[in-house]
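Everything below belongs to target-v8.txt, which stores compact mmCIF, C-alpha atoms.
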# COMPACT_ATOMS: atom_id res chain seq x y z
CA MET A 1 28.54 -84.76 17.90
CA THR A 2 32.10 -85.85 17.37
CA VAL A 3 32.46 -89.15 15.62
CA THR A 4 35.62 -91.14 16.04
CA PRO A 5 35.97 -92.95 12.74
CA LEU A 6 36.67 -96.62 12.33
CA SER A 7 39.62 -95.48 10.25
CA PRO A 8 41.39 -92.15 10.17
CA THR A 9 41.03 -91.04 6.53
CA PRO A 10 38.74 -88.15 5.57
CA ARG A 11 36.69 -90.20 3.08
CA SER A 12 35.90 -92.89 5.64
CA THR A 13 34.80 -90.28 8.18
CA VAL A 14 31.05 -89.86 8.16
CA HIS A 15 30.04 -86.26 7.40
CA ARG A 16 26.34 -86.58 6.53
CA GLY A 17 24.06 -88.00 9.19
CA LYS A 18 26.77 -88.19 11.85
CA ASN A 19 24.16 -89.35 14.35
CA ARG A 20 23.92 -92.50 12.24
CA ALA A 21 27.62 -93.27 12.28
CA VAL A 22 28.90 -96.02 14.52
CA THR A 23 32.50 -96.35 15.45
CA ASP A 24 32.89 -99.80 16.87
CA ARG A 25 34.77 -102.29 14.70
CA ALA A 26 32.43 -104.99 15.99
CA ASP A 27 29.56 -103.13 14.25
CA LEU A 28 31.49 -103.22 10.97
CA HIS A 29 31.97 -106.96 11.36
CA ALA A 30 28.31 -107.46 12.31
CA VAL A 31 27.03 -105.64 9.22
CA LEU A 32 29.37 -107.59 6.94
CA ASP A 33 28.42 -110.88 8.58
CA ALA A 34 24.68 -110.13 8.23
CA GLY A 35 24.84 -109.23 4.52
CA LEU A 36 24.70 -111.81 1.75
CA ILE A 37 26.10 -109.98 -1.27
CA CYS A 38 28.17 -106.82 -1.61
CA HIS A 39 28.41 -104.12 -4.23
CA LEU A 40 31.92 -103.73 -5.64
CA ALA A 41 32.87 -100.47 -7.38
CA PHE A 42 35.95 -100.12 -9.53
CA LEU A 43 37.22 -98.03 -12.41
CA CYS A 44 36.88 -99.20 -15.99
CA ASP A 45 38.42 -96.93 -18.62
CA GLY A 46 38.44 -94.18 -16.04
CA GLU A 47 34.73 -94.40 -15.26
CA PRO A 48 33.03 -95.96 -12.22
CA VAL A 49 31.35 -99.36 -12.49
CA VAL A 50 29.44 -101.11 -9.71
CA ILE A 51 28.44 -104.77 -9.69
CA PRO A 52 26.93 -107.11 -7.10
CA THR A 53 29.08 -110.03 -6.02
CA GLY A 54 29.54 -112.61 -3.29
CA TYR A 55 31.97 -112.04 -0.44
CA GLY A 56 33.15 -113.41 2.87
CA ARG A 57 34.98 -111.99 5.90
CA ASP A 58 37.79 -113.45 7.95
CA GLY A 59 39.00 -111.11 10.69
CA ASP A 60 39.75 -107.80 9.01
CA THR A 61 40.02 -109.28 5.53
CA LEU A 62 37.18 -109.23 3.02
CA TYR A 63 37.30 -111.73 0.17
CA VAL A 64 35.53 -111.34 -3.16
CA HIS A 65 35.81 -113.71 -6.09
CA GLY A 66 34.75 -114.14 -9.67
CA SER A 67 35.73 -115.54 -13.01
CA THR A 68 39.31 -114.89 -14.08
CA GLY A 69 37.73 -113.76 -17.36
CA ALA A 70 35.57 -111.08 -15.76
CA ARG A 71 36.51 -107.50 -16.44
CA SER A 72 35.69 -106.47 -12.87
CA LEU A 73 38.13 -108.92 -11.35
CA ARG A 74 40.87 -108.07 -13.84
CA GLU A 75 40.50 -104.37 -13.06
CA ALA A 76 40.30 -104.83 -9.32
CA ALA A 77 43.12 -107.37 -9.26
CA ALA A 78 45.44 -104.94 -10.98
CA GLY A 79 45.74 -103.10 -7.67
CA SER A 80 43.62 -100.12 -8.57
CA ALA A 81 41.33 -98.56 -5.96
CA VAL A 82 38.05 -100.29 -5.21
CA CYS A 83 35.12 -99.55 -2.94
CA VAL A 84 32.78 -102.13 -1.42
CA ASN A 85 29.37 -101.48 0.11
CA VAL A 86 27.20 -103.90 2.06
CA THR A 87 23.75 -102.58 2.95
CA LEU A 88 20.86 -104.22 4.77
CA LEU A 89 17.52 -102.51 4.42
CA ASP A 90 15.53 -102.93 7.64
CA GLY A 91 12.42 -100.87 7.00
CA VAL A 92 10.76 -97.88 5.40
CA VAL A 93 10.28 -94.84 7.64
CA TYR A 94 7.07 -92.87 7.03
CA GLY A 95 7.36 -89.30 8.30
CA ARG A 96 4.64 -86.72 8.78
CA SER A 97 6.30 -84.86 5.89
CA VAL A 98 7.68 -86.54 2.76
CA PHE A 99 10.97 -84.75 3.50
CA HIS A 100 11.32 -86.89 6.63
CA ASN A 101 10.51 -90.16 4.92
CA SER A 102 13.57 -92.33 5.29
CA VAL A 103 14.78 -95.91 5.63
CA ASN A 104 16.15 -97.93 8.49
CA TYR A 105 19.34 -99.64 7.41
CA ARG A 106 22.77 -100.96 8.27
CA SER A 107 25.48 -100.01 5.79
CA ALA A 108 29.23 -100.57 5.63
CA VAL A 109 31.57 -99.01 3.10
CA ILE A 110 35.17 -100.09 2.60
CA HIS A 111 37.86 -98.34 0.59
CA GLY A 112 41.09 -99.97 -0.47
CA ARG A 113 43.19 -101.74 -3.02
CA ALA A 114 42.60 -105.42 -3.52
CA THR A 115 45.28 -108.08 -3.57
CA GLN A 116 44.91 -111.13 -5.79
CA ILE A 117 45.44 -114.35 -3.84
CA THR A 118 47.18 -117.00 -5.91
CA GLU A 119 49.06 -119.18 -3.40
CA ALA A 120 47.18 -122.51 -3.27
CA ALA A 121 46.51 -122.88 0.46
CA ALA A 122 45.62 -119.20 0.93
CA LYS A 123 43.31 -119.35 -2.07
CA LEU A 124 41.51 -122.41 -0.75
CA HIS A 125 41.15 -120.70 2.62
CA GLY A 126 39.64 -117.57 1.06
CA LEU A 127 37.26 -119.57 -1.12
CA ARG A 128 36.15 -121.54 1.93
CA VAL A 129 35.43 -118.29 3.81
CA LEU A 130 33.48 -116.98 0.83
CA THR A 131 31.53 -120.21 0.33
CA GLU A 132 30.69 -120.53 4.00
CA HIS A 133 29.43 -116.94 4.08
CA LEU A 134 26.90 -117.40 1.29
CA ALA A 135 26.07 -121.05 1.87
CA PRO A 136 27.17 -122.16 5.36
CA GLY A 137 27.92 -125.86 5.55
CA SER A 138 28.56 -126.24 1.83
CA TRP A 139 32.35 -126.48 1.88
CA ASP A 140 32.48 -129.76 3.74
CA TYR A 141 29.33 -131.13 2.06
CA ALA A 142 29.81 -130.50 -1.67
CA ARG A 143 32.74 -131.49 -3.88
CA PRO A 144 35.74 -129.18 -3.35
CA PRO A 145 37.16 -127.24 -6.29
CA ASN A 146 39.52 -129.11 -8.60
CA ASP A 147 42.59 -127.59 -10.25
CA LYS A 148 40.69 -126.60 -13.38
CA GLU A 149 38.01 -124.85 -11.35
CA LEU A 150 40.58 -123.11 -9.17
CA ALA A 151 42.32 -121.82 -12.28
CA LYS A 152 39.03 -120.34 -13.49
CA THR A 153 38.42 -118.54 -10.18
CA ALA A 154 40.07 -115.27 -9.20
CA LEU A 155 40.15 -114.45 -5.50
CA LEU A 156 40.73 -110.95 -4.18
CA ALA A 157 41.43 -109.86 -0.62
CA LEU A 158 40.64 -106.38 0.70
CA ASP A 159 41.78 -105.06 4.07
CA LEU A 160 39.03 -103.60 6.26
CA GLY A 161 41.33 -100.88 7.61
CA GLU A 162 39.58 -98.00 5.85
CA ALA A 163 35.87 -98.38 6.49
CA ALA A 164 32.77 -96.59 7.75
CA VAL A 165 29.47 -97.85 9.12
CA LYS A 166 26.12 -96.11 9.29
CA ILE A 167 23.06 -97.51 11.03
CA ARG A 168 19.62 -95.95 11.25
CA THR A 169 16.95 -97.39 13.53
CA GLY A 170 13.74 -96.16 15.10
CA PRO A 171 10.82 -93.92 14.22
CA PRO A 172 10.81 -90.87 11.94
CA VAL A 173 12.41 -87.67 13.18
CA ASP A 174 9.75 -85.13 12.30
CA GLU A 175 9.59 -81.35 12.58
CA ASP A 176 8.17 -80.10 15.89
CA ASP A 177 5.41 -78.24 14.03
CA ASP A 178 4.32 -81.43 12.25
CA VAL A 179 4.28 -83.40 15.48
CA ALA A 180 2.22 -80.67 17.16
CA ALA A 181 -0.22 -80.51 14.22
CA ASP A 182 -0.83 -84.24 14.68
CA ALA A 183 -2.45 -84.44 11.24
CA VAL A 184 -1.33 -87.88 10.06
CA TRP A 185 0.08 -91.24 11.06
CA ALA A 186 3.84 -91.75 11.11
CA GLY A 187 5.93 -94.80 11.81
CA VAL A 188 8.01 -97.61 10.39
CA LEU A 189 7.17 -100.55 8.13
CA PRO A 190 9.83 -103.16 8.97
CA LEU A 191 11.37 -105.23 6.17
CA HIS A 192 12.55 -108.78 6.80
CA ARG A 193 14.48 -111.37 4.83
CA MET A 194 13.01 -114.85 4.98
CA TRP A 195 14.30 -118.10 3.59
CA GLY A 196 11.63 -120.07 1.72
CA GLU A 197 11.23 -123.81 1.44
CA PRO A 198 14.27 -125.50 -0.16
CA ARG A 199 13.64 -126.61 -3.75
CA SER A 200 15.52 -129.76 -4.67
CA CYS A 201 17.16 -129.89 -8.09
CA PRO A 202 14.89 -132.08 -10.32
CA THR A 203 17.77 -134.51 -10.92
CA VAL A 204 18.19 -135.31 -7.21
CA ALA A 205 14.60 -135.21 -6.06
CA GLY A 206 13.73 -138.18 -3.91
CA ARG A 207 17.19 -139.68 -3.69
CA HIS A 208 18.80 -137.21 -1.25
CA ALA A 209 17.03 -135.47 1.62
CA VAL A 210 17.58 -131.73 2.01
CA PRO A 211 20.67 -131.57 4.25
CA GLU A 212 20.52 -130.01 7.71
CA HIS A 213 22.75 -127.04 6.79
CA VAL A 214 20.19 -125.98 4.19
CA LYS A 215 16.98 -127.03 5.94
CA SER A 216 17.83 -125.36 9.22
CA ARG A 217 19.52 -122.25 7.89
CA ASN A 218 18.94 -119.44 10.31
CA GLN A 219 16.70 -116.60 9.26
CA ALA A 220 18.93 -113.70 8.38
CA MET B 1 24.27 -117.33 -27.87
CA THR B 2 24.09 -113.85 -29.33
CA VAL B 3 22.76 -111.26 -26.97
CA THR B 4 21.23 -108.11 -28.36
CA PRO B 5 22.04 -105.54 -25.71
CA LEU B 6 19.53 -103.14 -24.25
CA SER B 7 21.97 -100.48 -25.35
CA PRO B 8 24.72 -100.59 -27.95
CA THR B 9 27.86 -99.73 -25.98
CA PRO B 10 30.51 -102.35 -25.22
CA ARG B 11 30.39 -101.85 -21.46
CA SER B 12 26.63 -102.39 -21.29
CA THR B 13 26.91 -105.56 -23.37
CA VAL B 14 26.98 -108.62 -21.14
CA HIS B 15 30.13 -110.68 -21.66
CA ARG B 16 30.19 -112.94 -18.61
CA GLY B 17 27.23 -115.28 -18.16
CA LYS B 18 25.57 -114.35 -21.45
CA ASN B 19 22.90 -116.95 -20.80
CA ARG B 20 21.82 -114.74 -17.90
CA ALA B 21 21.48 -111.58 -19.95
CA VAL B 22 18.05 -110.37 -20.91
CA THR B 23 17.45 -107.87 -23.65
CA ASP B 24 13.92 -106.67 -23.17
CA ARG B 25 13.56 -103.10 -21.90
CA ALA B 26 10.49 -104.26 -19.96
CA ASP B 27 12.82 -106.50 -17.91
CA LEU B 28 15.00 -103.49 -17.06
CA HIS B 29 11.93 -101.59 -15.92
CA ALA B 30 10.65 -104.58 -13.93
CA VAL B 31 13.93 -105.00 -12.03
CA LEU B 32 14.08 -101.28 -11.23
CA ASP B 33 10.45 -101.25 -10.14
CA ALA B 34 10.95 -104.29 -7.88
CA GLY B 35 14.03 -102.90 -6.10
CA LEU B 36 13.82 -100.59 -3.11
CA ILE B 37 17.25 -98.96 -2.97
CA CYS B 38 20.04 -98.66 -5.52
CA HIS B 39 23.81 -98.52 -5.28
CA LEU B 40 25.28 -95.37 -6.83
CA ALA B 41 28.96 -95.35 -7.85
CA PHE B 42 30.84 -92.17 -8.66
CA LEU B 43 34.37 -90.86 -8.62
CA CYS B 44 35.75 -88.95 -5.66
CA ASP B 45 39.29 -87.60 -6.05
CA GLY B 46 39.73 -90.04 -8.92
CA GLU B 47 38.78 -93.13 -6.93
CA PRO B 48 35.52 -95.09 -7.01
CA VAL B 49 32.96 -94.70 -4.22
CA VAL B 50 29.71 -96.62 -3.93
CA ILE B 51 26.81 -95.72 -1.63
CA PRO B 52 23.25 -96.98 -1.20
CA THR B 53 20.49 -94.49 -1.92
CA GLY B 54 16.80 -94.22 -2.73
CA TYR B 55 15.58 -93.90 -6.31
CA GLY B 56 12.52 -93.89 -8.49
CA ARG B 57 11.81 -94.51 -12.18
CA ASP B 58 9.59 -92.62 -14.59
CA GLY B 59 9.71 -94.03 -18.13
CA ASP B 60 13.38 -94.18 -19.07
CA THR B 61 14.51 -91.72 -16.41
CA LEU B 62 15.93 -92.78 -13.06
CA TYR B 63 15.85 -90.24 -10.23
CA VAL B 64 18.15 -90.26 -7.22
CA HIS B 65 18.23 -87.64 -4.50
CA GLY B 66 20.11 -86.62 -1.42
CA SER B 67 21.25 -83.72 0.67
CA THR B 68 22.70 -80.79 -1.25
CA GLY B 69 25.54 -81.02 1.27
CA ALA B 70 26.40 -84.63 0.45
CA ARG B 71 29.66 -85.22 -1.35
CA SER B 72 28.12 -87.95 -3.50
CA LEU B 73 25.44 -85.67 -4.90
CA ARG B 74 27.90 -82.84 -5.51
CA GLU B 75 30.21 -85.17 -7.42
CA ALA B 76 27.44 -86.80 -9.41
CA ALA B 77 25.67 -83.52 -10.11
CA ALA B 78 28.81 -82.08 -11.63
CA GLY B 79 28.11 -84.17 -14.72
CA SER B 80 30.82 -86.76 -14.18
CA ALA B 81 30.15 -90.40 -15.01
CA VAL B 82 28.10 -92.46 -12.59
CA CYS B 83 26.98 -96.07 -12.46
CA VAL B 84 23.87 -97.36 -10.73
CA ASN B 85 23.12 -100.96 -9.79
CA VAL B 86 19.86 -102.41 -8.51
CA THR B 87 20.03 -106.05 -7.45
CA LEU B 88 17.38 -108.33 -6.00
CA LEU B 89 18.67 -111.52 -4.41
CA ASP B 90 16.13 -114.30 -4.94
CA GLY B 91 17.91 -117.33 -3.49
CA VAL B 92 21.08 -119.25 -2.80
CA VAL B 93 21.93 -122.02 -5.27
CA TYR B 94 23.58 -125.10 -3.73
CA GLY B 95 25.53 -127.08 -6.34
CA ARG B 96 26.97 -130.56 -6.07
CA SER B 97 30.37 -128.83 -6.17
CA VAL B 98 31.20 -125.59 -4.36
CA PHE B 99 32.34 -124.22 -7.73
CA HIS B 100 28.74 -124.39 -8.93
CA ASN B 101 27.27 -122.74 -5.85
CA SER B 102 25.59 -119.59 -7.06
CA VAL B 103 22.74 -117.17 -6.40
CA ASN B 104 19.47 -116.50 -8.14
CA TYR B 105 19.09 -112.80 -8.73
CA ARG B 106 17.81 -109.97 -10.86
CA SER B 107 20.32 -107.21 -11.49
CA ALA B 108 20.27 -104.00 -13.54
CA VAL B 109 23.26 -101.78 -14.18
CA ILE B 110 23.02 -98.30 -15.68
CA HIS B 111 25.86 -96.13 -16.95
CA GLY B 112 25.54 -92.44 -17.62
CA ARG B 113 25.99 -88.87 -16.56
CA ALA B 114 23.44 -87.41 -14.20
CA THR B 115 21.66 -84.11 -14.68
CA GLN B 116 20.70 -82.03 -11.68
CA ILE B 117 17.04 -81.01 -11.76
CA THR B 118 16.48 -77.52 -10.37
CA GLU B 119 13.34 -76.24 -12.14
CA ALA B 120 10.58 -76.21 -9.52
CA ALA B 121 7.85 -78.26 -11.25
CA ALA B 122 10.29 -80.81 -12.63
CA LYS B 123 11.93 -81.18 -9.23
CA LEU B 124 8.60 -81.73 -7.49
CA HIS B 125 7.70 -84.33 -10.13
CA GLY B 126 10.98 -86.19 -9.63
CA LEU B 127 10.67 -86.11 -5.85
CA ARG B 128 7.12 -87.45 -6.12
CA VAL B 129 8.36 -90.33 -8.32
CA LEU B 130 11.11 -91.08 -5.82
CA THR B 131 8.82 -90.87 -2.78
CA GLU B 132 6.15 -93.04 -4.39
CA HIS B 133 8.76 -95.67 -5.26
CA LEU B 134 10.00 -96.12 -1.71
CA ALA B 135 6.75 -95.37 0.13
CA PRO B 136 3.77 -95.59 -2.25
CA GLY B 137 0.86 -93.42 -1.17
CA SER B 138 3.03 -91.07 0.90
CA TRP B 139 3.10 -88.09 -1.44
CA ASP B 140 -0.61 -87.33 -1.19
CA TYR B 141 -0.82 -88.35 2.49
CA ALA B 142 2.09 -86.59 4.20
CA ARG B 143 2.97 -82.89 4.16
CA PRO B 144 4.63 -81.89 0.86
CA PRO B 145 8.12 -80.35 0.91
CA ASN B 146 8.34 -76.64 1.67
CA ASP B 147 10.79 -74.24 0.05
CA LYS B 148 13.41 -74.72 2.75
CA GLU B 149 13.24 -78.50 2.42
CA LEU B 150 13.37 -78.30 -1.38
CA ALA B 151 16.49 -76.15 -1.14
CA LYS B 152 18.14 -78.79 1.03
CA THR B 153 17.35 -81.58 -1.44
CA ALA B 154 19.34 -82.25 -4.57
CA LEU B 155 17.60 -84.27 -7.31
CA LEU B 156 19.50 -86.00 -10.08
CA ALA B 157 18.11 -87.58 -13.24
CA LEU B 158 19.85 -90.38 -15.13
CA ASP B 159 18.79 -91.64 -18.55
CA LEU B 160 18.30 -95.41 -18.82
CA GLY B 161 19.69 -95.50 -22.35
CA GLU B 162 22.88 -97.37 -21.46
CA ALA B 163 21.90 -100.31 -19.32
CA ALA B 164 22.22 -104.06 -18.92
CA VAL B 165 20.14 -106.64 -17.09
CA LYS B 166 21.11 -110.09 -15.85
CA ILE B 167 18.69 -112.56 -14.33
CA ARG B 168 19.48 -116.02 -12.96
CA THR B 169 16.71 -118.43 -12.02
CA GLY B 170 16.41 -122.15 -11.49
CA PRO B 171 18.46 -125.03 -10.10
CA PRO B 172 22.25 -125.38 -10.08
CA VAL B 173 24.02 -126.19 -13.33
CA ASP B 174 26.32 -128.99 -12.23
CA GLU B 175 29.03 -130.97 -14.01
CA ASP B 176 27.76 -134.13 -15.73
CA ASP B 177 30.18 -136.23 -13.66
CA ASP B 178 28.78 -134.81 -10.42
CA VAL B 179 25.20 -135.42 -11.50
CA ALA B 180 26.07 -139.00 -12.45
CA ALA B 181 27.88 -139.58 -9.14
CA ASP B 182 24.69 -138.58 -7.35
CA ALA B 183 26.62 -138.16 -4.09
CA VAL B 184 24.82 -135.19 -2.53
CA TRP B 185 21.71 -133.02 -2.51
CA ALA B 186 21.58 -129.94 -4.72
CA GLY B 187 18.94 -127.27 -5.08
CA VAL B 188 17.87 -123.75 -4.25
CA LEU B 189 17.02 -122.02 -0.98
CA PRO B 190 14.69 -119.18 -2.02
CA LEU B 191 15.01 -115.79 -0.33
CA HIS B 192 11.98 -113.54 0.15
CA ARG B 193 11.41 -110.00 1.32
CA MET B 194 8.53 -109.59 3.74
CA TRP B 195 7.03 -106.49 5.27
CA GLY B 196 6.52 -106.79 9.01
CA GLU B 197 3.79 -105.25 11.14
CA PRO B 198 3.76 -101.44 10.95
CA ARG B 199 5.16 -99.77 14.08
CA SER B 200 3.49 -96.48 14.88
CA CYS B 201 5.71 -93.60 16.01
CA PRO B 202 5.30 -93.33 19.82
CA THR B 203 4.05 -89.74 19.43
CA VAL B 204 1.08 -90.75 17.25
CA ALA B 205 0.16 -94.07 18.78
CA GLY B 206 -3.56 -94.36 19.37
CA ARG B 207 -4.60 -91.13 17.70
CA HIS B 208 -4.15 -92.14 14.04
CA ALA B 209 -4.79 -95.58 12.59
CA VAL B 210 -2.13 -97.06 10.30
CA PRO B 211 -3.22 -95.78 6.87
CA GLU B 212 -4.25 -98.17 4.12
CA HIS B 213 -1.22 -97.40 1.90
CA VAL B 214 1.06 -98.66 4.68
CA LYS B 215 -1.12 -101.43 6.12
CA SER B 216 -1.86 -103.04 2.78
CA ARG B 217 1.51 -102.57 1.14
CA ASN B 218 2.07 -105.41 -1.26
CA GLN B 219 4.70 -107.96 -0.47
CA ALA B 220 7.67 -107.16 -2.65

As structure tokens:
Amino acid sequence: MTVTPLSPTPRSTVHRGKNRAVTDRADLHAVLDAGLICHLAFLCDGEPVVIPTGYGRDGDTLYVHGSTGARSLREAAAGSAVCVNVTLLDGVVYGRSVFHNSVNYRSAVIHGRATQITEAAAKLHGLRVLTEHLAPGSWDYARPPNDKELAKTALLALDLGEAAVKIRTGPPVDEDDDVAADAVWAGVLPLHRMWGEPRSCPTVAGRHAVPEHVKSRNQA
Amino acid sequence: MTVTPLSPTPRSTVHRGKNRAVTDRADLHAVLDAGLICHLAFLCDGEPVVIPTGYGRDGDTLYVHGSTGARSLREAAAGSAVCVNVTLLDGVVYGRSVFHNSVNYRSAVIHGRATQITEAAAKLHGLRVLTEHLAPGSWDYARPPNDKELAKTALLALDLGEAAVKIRTGPPVDEDDDVAADAVWAGVLPLHRMWGEPRSCPTVAGRHAVPEHVKSRNQA
């Protein structure tokens, strides 16, 4: 199978599990929009470090943010190479052999160099995108950031130009001999994310109802 | 607050959000045991790459595996530095200000150099640990790996000696002025993982019941 990559570089071309590679940019966007947090990898003293962090997408730009005091943001903001992965785990695949146990998943990986956004309007825009990704409806509901808070927050932008997506769905792919032997069950145990009941902060309880953007948040 | 790290190196000592650092090795084990997949970061041509992958823990050893043909495993197996992160997202925290929006989570990060396990008994042990982490009960139920499958599988071991854990729980931590203003709701929207109904592989349907280790898998 020939896979046309989302981007033309060798490292963003899927080599392993080519049948799981997808090549439509809309799939990249869909995976990023479905995730809640990303994993950001960067170099620190020449060695790889990976941390979880919030993000948001606007077109083909991915925003990540963090404290201006955080080592990760300082490293990434310096223009060195970073890698971001967003993975959704959709189920555990039980094969007839342990070798064919697997997982169903959607995974996007992005390579690039991040740009620090410092211009006021652009920074507010990026922070809005990020906030609305993790907590839709919050930006217009809660108090916006003040100058002191903005100064404490570093915002990075990463272009989605160099990216790859892999998606696995469906039942196990077992050996013909194992299927013919018909010795055991095989199948998939799906995994879902579910929002629970909102828990009001003790200091507001009773005085403000849970707002619609929280109460009616769509199951992801 | 002084935080005694799980390990004594500067990079595994939590600097940001020290109030979220935990120092008990049992907490590290608990986070790793609760996760399903990890994110593995390594260097490729001098730049960071991060991919999701399965893992398992035995004592203070973390196992990861993959195809012997995979670039990630070749890089990591060569003894270069790697970093592993396991993060569980437990909820979205809605503050009275967007600056204090946050997430509740449990996150473990491990630094080290991986060792490739090639000795037959040790490799089978590691693969059992890994299989039983992702799909408990599978190792004794499904067909064990044959020599050809073992040859295709690379197994890496990583010592948990250099690690850090951060855990955030509870309501938002808002500014006193915002709490006093009492203008909006604040709280937490919990996020849960739920197993769905097992889906039998079409080629077994009807001939084998869903086994107990799949049917009764505990909610994670």

>> Please report the interatomic distance between CA of Cys201 in chain B and CA of Asn146 in chain B in Å with one decimal.
In response: 22.4 Å

>> Within 6 Å of (8.7, -99.4, 11.1) (file coordinates; all atoms listed in the file), which protein or nucleic acid residues are there? I'd like them as a list in words.
In response: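 Looking at atoms near the point gives Gly91, Val93, Gly187, Val188, Leu189 and Pro190 of chain A; Pro198 and Arg199 of chain B.
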
Writer output for current selection, C-alpha atoms, as a tab-separated table (two decimals), in the coordinates of the input:
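Written file, selection.tsv:
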chain	number	residue	atom	x	y	z
A	91	GLY	CA	12.42	-100.87	7.00
A	93	VAL	CA	10.28	-94.84	7.64
A	187	GLY	CA	5.93	-94.80	11.81
A	188	VAL	CA	8.01	-97.61	10.39
A	189	LEU	CA	7.17	-100.55	8.13
A	190	PRO	CA	9.83	-103.16	8.97
B	198	PRO	CA	3.76	-101.44	10.95
B	199	ARG	CA	5.16	-99.77	14.08

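CA of Leu130 in chain A is positioned 26.7 Å from CA of Phe42 in chain B.
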
>> Calculated over only C-alpha atoms, which of the candidates A:Leu88, A:Val204, A:Leu62, A:Leu134 has the smallest distance to Arg168 in chain A?
In response: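 For Arg168 in chain A, the nearest of the candidates is A:Leu88.
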
>> Using Å and a single decimal, report how far CA of Asp174 in chain B sits from CA of Ser97 in chain B.
In response: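 If I compute the distance from CA of Ser97 in chain B to CA of Asp174 in chain B, I get 7.3 Å.
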
>> Restricting the calculation to only C-alpha atoms: of B:Leu89, B:Ala108, B:Leu191, B:Ala120, which residue gets closest to chain A?
In response: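 Using only C-alpha atoms, chain A sits closest to B:Leu191.
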
>> Residues near Gln116 in chain B, anyone? I mean within 12 Å using all atoms listed in the file, not counting same-chain ones fewer than 3 positions away, as a PyMOL selection string.
In response: chain B and resi 62-66+68+73-80+113+119-120+122-123+126+153-159

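Nearest residue to chain A, choosing from B:His133, B:Arg207, B:Arg143, B:His29 and counting only C-alpha atoms: B:Arg143.
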
Do a neighbour search on Ala164 in chain A at 9 Å with all atoms listed in the file, toss out local chain neighbours closer than 6 positions, and write the hits as a CSV table (one decimal) with C-alpha atoms, in the coordinates of the input.
chain,number,residue,atom,x,y,z
A,5,PRO,CA,36.0,-93.0,12.7
A,6,LEU,CA,36.7,-96.6,12.3
A,7,SER,CA,39.6,-95.5,10.2
A,11,ARG,CA,36.7,-90.2,3.1
A,12,SER,CA,35.9,-92.9,5.6
A,13,THR,CA,34.8,-90.3,8.2
A,14,VAL,CA,31.0,-89.9,8.2
A,21,ALA,CA,27.6,-93.3,12.3
A,22,VAL,CA,28.9,-96.0,14.5
A,23,THR,CA,32.5,-96.4,15.4
A,28,LEU,CA,31.5,-103.2,11.0
A,107,SER,CA,25.5,-100.0,5.8
A,108,ALA,CA,29.2,-100.6,5.6
A,109,VAL,CA,31.6,-99.0,3.1
A,110,ILE,CA,35.2,-100.1,2.6
A,111,HIS,CA,37.9,-98.3,0.6

>> Would you pick out the contacts of Arg193 in chain A at 10 Å or less, using all atoms listed in the file, so that residues sharing its chain but fewer than 4 positions from it are not included, and give the list as a ChimeraX atom specification?
In response: /A:88-90,219-220 /B:191-195

> So which one's closest to chain A, B:Gly35, B:Thr169, B:Ile117, B:Ala135? Using only C-alpha atoms, please.
Replying inline: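 The answer is B:Ala135, which sits nearest to chain A.
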
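You can rank A:Arg25, A:Lys152, A:Arg96, A:Arg217 by their closest distance to chain B using only C-alpha atoms, and at the top of that list sits A:Arg96.
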
Sphere at (19.2, -137.2, -1.9), radius 9 Å, counting only C-alpha atoms: residues as an mmCIF file with C-alpha atoms, keeping the file's coordinate frame:
data_model
loop_
_atom_site.group_PDB
_atom_site.id
_atom_site.type_symbol
_atom_site.label_atom_id
_atom_site.label_comp_id
_atom_site.auth_asym_id
_atom_site.auth_seq_id
_atom_site.Cartn_x
_atom_site.Cartn_y
_atom_site.Cartn_z
ATOM 1 C CA SER A 200 15.520 -129.760 -4.670
ATOM 2 C CA VAL A 204 18.190 -135.310 -7.210
ATOM 3 C CA ALA A 205 14.600 -135.210 -6.060
ATOM 4 C CA GLY A 206 13.730 -138.180 -3.910
ATOM 5 C CA ARG A 207 17.190 -139.680 -3.690
ATOM 6 C CA HIS A 208 18.800 -137.210 -1.250
ATOM 7 C CA ALA A 209 17.030 -135.470 1.620
ATOM 8 C CA VAL A 210 17.580 -131.730 2.010
ATOM 9 C CA PRO A 211 20.670 -131.570 4.250
ATOM 10 C CA ASP B 182 24.690 -138.580 -7.350
ATOM 11 C CA ALA B 183 26.620 -138.160 -4.090
ATOM 12 C CA VAL B 184 24.820 -135.190 -2.530
ATOM 13 C CA TRP B 185 21.710 -133.020 -2.510
ATOM 14 C CA ALA B 186 21.580 -129.940 -4.720
#
